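Everything on this sheet refers to the single structure shown next.
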Amino acid sequence: MPQIVKDFQGQTVITTFETTPAMAFDLVEALEEAYRDCISRQPGFLAAGLHMNDARTRVCNYSQWQSRADYQAMLRTPEMRERNRRINELCRGFEPVMYEVTGVFRAQGA
């Protein structure tokens, strides 16, 4: 499970996928397979989480990497290039964006 901390020194990537209710579960399954069989085995991968909105029109992927270079190297592997072509067929488009954590907030007393 991703750990969100302000002093995280790695790379956080949040990718949003725009999809349709008819394709949403197929998209999530393709992403789950990619994480299970490929992404989680790549150097520098730390953790990820998948989220789907209640309308089943958007899927969000939050991932953490040791470095930006590790994330970019994963994208360039032949297996991920092929998987991303398939994933692209299941959505209207997707956009990975690299972020840095600027704040973390917890419930009082937690």
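Letters A, B, ... mark the chains of the structure tokens in the order given; residue numbers begin at 1 per chain; ligand numbers begin at 1, in order shown.
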Among the residues of chain A, find those DSSP assigns to strand (DSSP E) from the backbone and print them as an NGL selection string. :A and (11-18 or 45-52 or 58-65 or 93-99)
Contacts of Glu100 in chain A at 10 Å or less, counting only C-alpha atoms, minus same-chain residues fewer than 4 places along, as JSON, numbers by chain? {"A": [6, 7, 8, 9, 10, 11, 12, 13]}
Contacts of Leu27 in chain A at 9 Å or less, counting only C-alpha atoms, minus same-chain residues fewer than 5 places along, as number ranges by chain? A: 17, 19, 32, 59, 87-91
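You will find CA of Ser63 in chain A at 22.0 Å from CA of Met23 in chain A.
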All residues 7 Å or closer to Ile14 in chain A, only C-alpha atoms, same chain fewer than 3 positions away omitted, as a ChimeraX atom specification: /A:60-63,96-98
Got time to write the residues from that selection, C-alpha atoms, as a JSON list (two decimals), in the first residue's frame?
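The resulting file, part31.json, is reproduced below:
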```json
[["chain", "number", "residue", "atom", "x", "y", "z"],
["A", 60, "CYS", "CA", -7.05, 6.79, -11.07],
["A", 61, "ASN", "CA", -3.72, 5.11, -10.45],
["A", 62, "TYR", "CA", -1.43, 6.35, -7.68],
["A", 63, "SER", "CA", 2.07, 4.87, -7.86],
["A", 96, "PRO", "CA", 0.40, 10.17, -16.17],
["A", 97, "VAL", "CA", 1.57, 13.19, -14.18],
["A", 98, "MET", "CA", 4.55, 13.29, -11.83]]
```
I'd like to know which residues of range 18-76 of chain A are helix (DSSP H, G or I) (by DSSP, run on the backbone); could you write them as a ChimeraX atom specification? /A:24-37,39-41,68-76
Test item: residues at most 8 Å from range 34-36 of chain A, only C-alpha atoms, excluding those fewer than 4 positions along its chain, as a ChimeraX atom specification: /A:30,40,80,83
Using C-alpha atoms, can you write the selected residues to a file as a compact mmCIF listing (two decimals), in the first residue's frame?
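Heads up, here's the output in result_0.txt:
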```
# COMPACT_ATOMS: atom_id res chain seq x y z
CA ALA A 30 -5.91 -4.82 -17.48
CA SER A 40 5.52 -4.69 -9.62
CA MET A 80 4.69 -2.19 -21.02
CA ARG A 83 0.27 -3.35 -22.48
```
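Compared by their closest atoms to Val5 in chain A, and using only C-alpha atoms, the residues A:Gln72, A:Gln64, A:Arg81, A:Asn53 rank with A:Gln64 nearest.
Each of A:Gly103, A:Gly93, A:Pro78, A:Gly44 was checked against Arg58 in chain A using only C-alpha atoms; the smallest atom-to-atom distance is that of A:Gly93.
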Do you have the CA of Ala24 in chain A-CA of Gly49 in chain A distance handy? 15.7 Å
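Residue nearest Gln42 in chain A within the list A:Glu95, A:Glu82, A:Asp70, A:Asp26: A:Asp70 [criterion: smallest interatomic distance, only C-alpha atoms].
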Find the residue from A:Ala69, A:Val28, A:Cys38, A:Leu75 that sits nearest to Met52 in chain A; use only C-alpha atoms when measuring. A:Val28
Can you work out which one of A:Met74, A:Ala22, A:Ala107, A:Val101 has the shortest atom-to-atom distance to Arg41 in chain A, counting only C-alpha atoms? A:Met74
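In this comparison, which uses only C-alpha atoms, the residue of A:Arg86, A:Thr16, A:Arg106, A:Ile4 approaching Leu50 in chain A most closely is A:Thr16.
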